[in-house]
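Q: Sharing final.txt (compact mmCIF, C-alpha atoms) below.
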# COMPACT_ATOMS: atom_id res chain seq x y z
CA MET A 277 0.00 0.00 0.00
CA ALA A 278 1.40 3.36 -0.99
CA THR A 279 1.91 5.83 1.81
CA GLN A 280 -1.11 8.07 1.94
CA MET A 281 -0.42 11.74 1.23
CA PRO A 282 -1.78 14.32 3.65
CA GLU A 283 -4.84 16.29 2.59
CA LYS A 284 -3.55 19.82 2.02
CA LEU A 285 -4.82 22.67 4.13
CA THR A 286 -5.13 26.19 2.73
CA ASP A 287 -2.81 28.89 4.09
CA ALA A 288 -5.68 30.40 6.09
CA GLN A 289 -6.48 27.01 7.63
CA LYS A 290 -2.81 26.36 8.48
CA GLN A 291 -2.56 29.79 10.06
CA LEU A 292 -5.09 28.76 12.73
CA PHE A 293 -2.59 26.11 13.89
CA LEU A 294 0.37 28.50 13.73
CA ASP A 295 -1.35 31.28 15.68
CA LYS A 296 -1.75 31.13 19.44
CA ASN A 297 -5.00 29.16 19.33
CA PHE A 298 -5.71 26.03 21.34
CA ALA A 299 -6.72 22.94 19.41
CA PHE A 300 -9.03 20.21 20.64
CA VAL A 301 -7.78 16.70 19.98
CA ALA A 302 -10.11 13.70 20.04
CA THR A 303 -8.98 10.10 20.41
CA THR A 304 -10.75 6.85 21.28
CA CYS A 305 -10.50 5.15 24.68
CA PRO A 306 -10.26 1.35 25.02
CA ASP A 307 -13.93 1.18 26.07
CA GLY A 308 -14.99 3.00 22.90
CA TYR A 309 -15.67 6.38 24.48
CA PRO A 310 -14.28 9.34 22.59
CA HIS A 311 -11.93 11.57 24.59
CA VAL A 312 -11.33 15.23 23.83
CA SER A 313 -9.19 17.87 25.50
CA PRO A 314 -7.47 21.15 24.59
CA VAL A 315 -3.82 21.12 23.57
CA TRP A 316 -1.06 23.37 22.32
CA ILE A 317 -0.62 22.76 18.62
CA ASP A 318 1.77 23.30 15.70
CA PHE A 319 1.83 22.79 11.94
CA GLU A 320 4.78 21.88 9.73
CA ASP A 321 5.15 20.50 6.18
CA ASP A 322 1.46 19.58 5.77
CA TYR A 323 1.29 17.75 9.14
CA ILE A 324 -0.27 18.81 12.43
CA LEU A 325 2.16 18.48 15.35
CA MET A 326 1.02 17.82 18.89
CA ASN A 327 3.19 17.32 21.96
CA THR A 328 2.06 15.04 24.76
CA ALA A 329 3.73 12.80 27.35
CA LYS A 330 4.08 9.06 27.66
CA ASP A 331 1.08 7.36 29.29
CA ARG A 332 -1.24 10.34 29.09
CA VAL A 333 -4.75 9.33 27.97
CA LYS A 334 -4.20 10.71 24.48
CA GLU A 335 -0.80 9.06 24.11
CA ARG A 336 -2.06 5.64 25.20
CA ASN A 337 -5.13 5.94 23.00
CA LEU A 338 -3.10 6.90 19.92
CA ARG A 339 -0.62 4.08 20.43
CA ARG A 340 -3.53 1.63 20.35
CA ASP A 341 -5.60 3.42 17.70
CA PRO A 342 -3.92 6.20 15.69
CA LYS A 343 -7.18 7.56 14.27
CA VAL A 344 -7.52 11.12 15.53
CA ALA A 345 -9.58 14.28 15.07
CA VAL A 346 -8.41 17.84 15.63
CA SER A 347 -10.52 20.98 15.64
CA ILE A 348 -9.47 24.58 16.11
CA TYR A 349 -10.98 28.04 15.79
CA ASP A 350 -9.59 31.52 15.58
CA SER A 351 -9.68 32.83 19.15
CA SER A 352 -10.46 36.32 17.79
CA ASP A 353 -13.33 34.95 15.66
CA PRO A 354 -14.66 31.53 16.69
CA TYR A 355 -16.74 31.33 13.52
CA LYS A 356 -13.54 30.71 11.57
CA MET A 357 -12.81 27.05 12.23
CA VAL A 358 -11.31 23.87 10.87
CA ALA A 359 -12.14 20.27 11.79
CA VAL A 360 -9.64 17.66 10.64
CA GLN A 361 -9.72 13.86 10.77
CA GLY A 362 -6.53 11.92 10.24
CA THR A 363 -3.95 9.52 11.57
CA ALA A 364 -1.07 9.82 14.04
CA VAL A 365 1.58 8.55 11.62
CA GLU A 366 4.55 9.10 13.93
CA MET A 367 5.01 9.25 17.71
CA THR A 368 8.56 9.88 18.85
CA THR A 369 10.61 11.15 21.76
CA GLU A 370 13.17 12.47 19.26
CA GLY A 371 12.99 16.27 19.14
CA ALA A 372 10.03 16.21 21.54
CA ASP A 373 11.77 18.23 24.27
CA GLU A 374 12.87 20.95 21.84
CA HIS A 375 9.37 21.02 20.39
CA ILE A 376 7.61 21.48 23.75
CA ASP A 377 10.02 24.35 24.43
CA LYS A 378 8.93 25.91 21.12
CA LEU A 379 5.26 25.55 22.15
CA ALA A 380 5.98 27.00 25.62
CA ARG A 381 7.48 30.08 23.93
CA LYS A 382 4.49 30.40 21.59
CA TYR A 383 1.74 29.92 24.18
CA ARG A 384 3.36 31.15 27.40
CA GLY A 385 6.34 33.27 26.40
CA TRP A 386 8.53 30.98 28.51
CA ASP A 387 12.14 30.31 27.47
CA GLU A 388 11.53 26.63 28.00
CA TYR A 389 8.96 24.18 29.27
CA PRO A 390 9.71 23.70 32.97
CA ALA A 391 9.22 19.98 33.60
CA LYS A 392 10.00 17.85 30.61
CA VAL A 393 9.31 14.21 31.43
CA ASP A 394 8.84 11.62 28.70
CA ARG A 395 7.62 14.09 26.08
CA VAL A 396 6.24 12.59 22.90
CA LEU A 397 5.96 14.45 19.60
CA VAL A 398 2.95 13.31 17.58
CA LYS A 399 2.76 13.90 13.83
CA ILE A 400 -0.80 13.88 12.52
CA ARG A 401 -1.61 13.40 8.85
CA PRO A 402 -4.75 15.32 7.82
CA GLU A 403 -7.03 13.09 5.73
CA ARG A 404 -10.36 14.91 5.75
CA VAL A 405 -10.76 18.63 6.29
CA ALA A 406 -14.01 20.45 7.03
CA THR A 407 -14.01 24.18 7.46
CA MET A 408 -16.25 27.15 8.21
CA GLY A 409 -15.64 30.85 7.63
CA LEU A 410 -12.29 30.31 5.91
CA MET B 59 -30.19 -2.04 35.11
CA ALA B 60 -30.82 1.05 37.15
CA THR B 61 -30.59 4.34 35.30
CA GLN B 62 -27.13 5.71 35.77
CA MET B 63 -26.95 9.03 37.60
CA PRO B 64 -24.93 11.83 36.07
CA GLU B 65 -21.55 12.59 37.56
CA LYS B 66 -22.00 15.96 39.27
CA LEU B 67 -20.02 18.96 38.12
CA THR B 68 -18.94 21.68 40.53
CA ASP B 69 -20.51 25.12 40.19
CA ALA B 70 -17.28 26.46 38.65
CA GLN B 71 -17.24 23.65 36.10
CA LYS B 72 -20.92 24.18 35.24
CA GLN B 73 -20.30 27.89 34.82
CA LEU B 74 -17.99 27.20 31.87
CA PHE B 75 -20.98 25.72 30.03
CA LEU B 76 -23.30 28.56 31.05
CA ASP B 77 -20.90 31.32 30.03
CA LYS B 78 -20.43 32.28 26.39
CA ASN B 79 -17.72 29.67 25.75
CA PHE B 80 -17.69 27.26 22.83
CA ALA B 81 -17.49 23.57 23.64
CA PHE B 82 -15.86 20.91 21.50
CA VAL B 83 -17.93 17.76 21.10
CA ALA B 84 -16.36 14.48 20.00
CA THR B 85 -18.29 11.55 18.56
CA THR B 86 -17.31 8.42 16.63
CA CYS B 87 -17.81 7.98 12.88
CA PRO B 88 -18.94 4.65 11.37
CA ASP B 89 -15.35 3.95 10.18
CA GLY B 90 -14.02 4.39 13.73
CA TYR B 91 -12.52 7.84 13.26
CA PRO B 92 -13.24 10.29 16.04
CA HIS B 93 -14.92 13.52 14.94
CA VAL B 94 -14.67 16.79 16.84
CA SER B 95 -16.06 20.25 16.18
CA PRO B 96 -16.99 23.38 18.14
CA VAL B 97 -20.59 23.89 19.24
CA TRP B 98 -22.79 26.21 21.23
CA ILE B 99 -23.51 24.58 24.57
CA ASP B 100 -25.79 24.73 27.59
CA PHE B 101 -26.12 23.08 30.99
CA GLU B 102 -29.29 22.24 32.91
CA ASP B 103 -30.10 19.95 35.85
CA ASP B 104 -26.77 18.10 35.83
CA TYR B 105 -26.90 17.45 32.05
CA ILE B 106 -25.01 19.09 29.19
CA LEU B 107 -27.34 20.29 26.43
CA MET B 108 -26.25 20.52 22.82
CA ASN B 109 -28.34 21.55 19.83
CA THR B 110 -27.67 20.08 16.41
CA ALA B 111 -29.73 19.23 13.32
CA LYS B 112 -30.95 15.97 11.85
CA ASP B 113 -28.35 14.21 9.65
CA ARG B 114 -25.40 16.33 10.69
CA VAL B 115 -22.28 14.23 11.31
CA LYS B 116 -22.62 14.51 15.09
CA GLU B 117 -26.32 13.70 15.03
CA ARG B 118 -25.89 10.60 12.86
CA ASN B 119 -22.91 9.46 14.94
CA LEU B 120 -24.77 9.85 18.23
CA ARG B 121 -27.84 8.00 16.95
CA ARG B 122 -25.59 5.04 16.14
CA ASP B 123 -23.25 5.34 19.15
CA PRO B 124 -24.30 7.66 22.00
CA LYS B 125 -20.87 7.70 23.65
CA VAL B 126 -19.64 11.28 23.57
CA ALA B 127 -16.92 13.56 24.92
CA VAL B 128 -17.20 17.29 25.55
CA SER B 129 -14.42 19.68 26.45
CA ILE B 130 -14.57 23.39 27.18
CA TYR B 131 -12.32 26.11 28.52
CA ASP B 132 -12.85 29.57 29.88
CA SER B 133 -12.31 31.91 26.90
CA SER B 134 -10.79 34.48 29.27
CA ASP B 135 -8.41 31.88 30.76
CA PRO B 136 -7.89 28.73 28.64
CA TYR B 137 -6.04 27.05 31.50
CA LYS B 138 -9.38 26.63 33.27
CA MET B 139 -10.91 23.65 31.52
CA VAL B 140 -13.17 20.64 31.86
CA ALA B 141 -13.16 17.43 29.80
CA VAL B 142 -16.25 15.25 30.17
CA GLN B 143 -17.06 11.79 28.85
CA GLY B 144 -20.63 10.59 28.86
CA THR B 145 -23.66 9.42 26.94
CA ALA B 146 -26.28 11.14 24.81
CA VAL B 147 -29.25 9.85 26.80
CA GLU B 148 -31.90 11.78 24.90
CA MET B 149 -32.18 13.21 21.39
CA THR B 150 -35.42 14.98 20.64
CA THR B 151 -37.01 17.55 18.36
CA GLU B 152 -39.27 18.59 21.24
CA GLY B 153 -38.21 21.98 22.56
CA ALA B 154 -35.26 22.01 20.15
CA ASP B 155 -36.38 25.13 18.27
CA GLU B 156 -36.91 27.12 21.47
CA HIS B 157 -33.54 25.90 22.73
CA ILE B 158 -31.60 26.97 19.62
CA ASP B 159 -33.25 30.40 19.99
CA LYS B 160 -31.94 30.52 23.57
CA LEU B 161 -28.43 29.67 22.35
CA ALA B 162 -28.65 32.26 19.54
CA ARG B 163 -29.45 34.89 22.18
CA LYS B 164 -26.57 33.75 24.38
CA TYR B 165 -23.90 33.48 21.67
CA ARG B 166 -25.06 36.02 19.07
CA GLY B 167 -27.47 38.36 20.80
CA TRP B 168 -30.07 37.43 18.19
CA ASP B 169 -33.77 37.34 19.09
CA GLU B 170 -34.04 33.98 17.40
CA TYR B 171 -32.07 31.52 15.32
CA PRO B 172 -32.76 32.44 11.68
CA ALA B 173 -33.13 29.10 9.89
CA LYS B 174 -34.51 26.38 12.09
CA VAL B 175 -34.67 23.14 10.11
CA ASP B 176 -34.94 19.78 11.85
CA ARG B 177 -33.25 20.94 15.07
CA VAL B 178 -32.38 18.21 17.57
CA LEU B 179 -31.81 18.82 21.27
CA VAL B 180 -29.24 16.42 22.71
CA LYS B 181 -29.06 15.72 26.45
CA ILE B 182 -25.66 14.46 27.53
CA ARG B 183 -25.13 12.66 30.83
CA PRO B 184 -21.65 13.38 32.30
CA GLU B 185 -20.06 10.13 33.49
CA ARG B 186 -16.39 11.02 33.92
CA VAL B 187 -15.10 14.51 34.56
CA ALA B 188 -11.50 15.66 34.32
CA THR B 189 -10.59 19.21 35.10
CA MET B 190 -7.70 21.67 35.22
CA GLY B 191 -7.44 25.01 37.01
CA LEU B 192 -10.91 24.76 38.58
Please express the file's structure as structure tokens.
A:
Amino acid sequence: MATQMPEKLTDAQKQLFLDKNFAFVATTCPDGYPHVSPVWIDFEDDYILMNTAKDRVKERNLRRDPKVAVSIYDSSDPYKMVAVQGTAVEMTTEGADEHIDKLARKYRGWDEYPAKVDRVLVKIRPERVATMGL
Amino acid sequence: MATQMPEKLTDAQKQLFLDKNFAFVATTCPDGYPHVSPVWIDFEDDYILMNTAKDRVKERNLRRDPKVAVSIYDSSDPYKMVAVQGTAVEMTTEGADEHIDKLARKYRGWDEYPAKVDRVLVKIRPERVATMGL
């Protein structure tokens, strides 16, 4: 099977992930319940980047089932939004500490994230994109 | 089986749903992908109330699988948040038009919602509640 290419987002859609907006990431728990919570988010080379930690609910869920949904709106205009469905195609500790520092600068203005334990960088391939107001 | 009681939210947690914050609601698609998107939201008598329309993705998903997750943060302080998992215990057209008018007043300041077609009021029973900053 050929590697699936990511569905491309428009520049305006990408910008929502690059700006200081929170995203909501949904995964599936072992008992079939969806789980959703707000996260810091990033976008690079057509992929959504999320940073979590080993054994968090989201991390455990994605290791078992990489199907994921991400939704985000413009905090200055919540009627501009994107809802993405896709797959966590990579989960790695490599570069994860540097990446959470980058997010801490973006969201908090901190030089670095204060307590980096078992950080995991998650690369999400967009496969379906729904949008409103963009 | 006895009817399961809702997990009670604290007043501060409830207030997030009563204030003019958007919630993100996650459901499960037929192919097993989670789906998440922002919605107007309400809270009444220990239940989360959402208003959707017949045959929307969320409505179809919940008719097939009522397991649902809802997350919300305080728009003036996103580090105050609640993530709920629960069940859509009721989906009804009864009172749904009046309820979407109530939400249109809350979120838009409109007297009424302009195009009410097949509105569905969804009553969500909280079963697990995770929180941060509250």
Q: Hey, which of A:Ile317, A:Leu379, A:Ala299, A:Val346 ends up closest to chain B? Count only C-alpha atoms.
A: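 Of all the options, A:Val346 lies closest to chain B.
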Q: I'd like the contact shell of Arg401 in chain A - 9 Å cut-off, all atoms listed in the file, skipping same-chain residues fewer than 3 positions apart - returned as a compact mmCIF listing (two decimals) with C-alpha atoms, keeping the file's coordinate frame.
A:
# COMPACT_ATOMS: atom_id res chain seq x y z
CA GLN A 280 -1.11 8.07 1.94
CA MET A 281 -0.42 11.74 1.23
CA PRO A 282 -1.78 14.32 3.65
CA GLU A 283 -4.84 16.29 2.59
CA ASP A 322 1.46 19.58 5.77
CA TYR A 323 1.29 17.75 9.14
CA ILE A 324 -0.27 18.81 12.43
CA GLN A 361 -9.72 13.86 10.77
CA GLY A 362 -6.53 11.92 10.24
CA THR A 363 -3.95 9.52 11.57
CA ALA A 364 -1.07 9.82 14.04
CA VAL A 365 1.58 8.55 11.62
Q: Name the closest residue to Ser347 in chain A among the candidates A:Val360, A:Ala329, A:Asn297, A:Thr286; distances are taken between atoms, counting all atoms listed in the file.
A: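 The closest residue to Ser347 in chain A is A:Val360.
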Q: I'd like the neighbourhood of Trp386 in chain A as a count of residues only, where a residue qualifies if any of its atoms comes within 12 Å (using only C-alpha atoms), though same-chain residues fewer than 6 positions away should be ignored.
A: 5
Q: With distances taken over only C-alpha atoms, which residue among A:Lys343, A:Lys399, A:Lys284, A:Lys290 lies nearest Tyr91 in chain B?
A: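 Among the listed residues, A:Lys343 lies closest to Tyr91 in chain B.
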Q: Please determine, counting all atoms listed in the file, which residue among A:Ile348, A:Val312, A:Met357, A:Leu397 has the shortest atom-to-atom distance to Lys296 in chain A.
A: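 Looking only at the distances to Lys296 in chain A, the closest residue turns out to be A:Ile348.
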Q: Considering only C-alpha atoms, extract the chain A residues located within 12 Å of chain B and return them as an MDAnalysis selection string.
A: chainID A and resid 296:305 307:316 333 337:338 341:364 383:384 403:408
Q: Grab the CA of Asp77 in chain B to CA of Lys164 in chain B distance for me, in Å with one decimal place.
A: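 Spanning CA of Asp77 in chain B to CA of Lys164 in chain B is a straight-line distance of 8.4 Å.
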Q: Taking every listed atom of range 72-80 of chain B and adding 4 Å to each side, what centre and edge lengths in Å (one decimal) does the axis-aligned box have, as AutoDock Vina command-line options?
A:
--center_x -20.5 --center_y 28.2 --center_z 29.0 --size_x 13.6 --size_y 16.1 --size_z 20.4
Q: When you draw a straight line from CA of Thr150 in chain B to CA of Arg163 in chain B, how long is it in Å?
A: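 It comes out at 20.8 Å.
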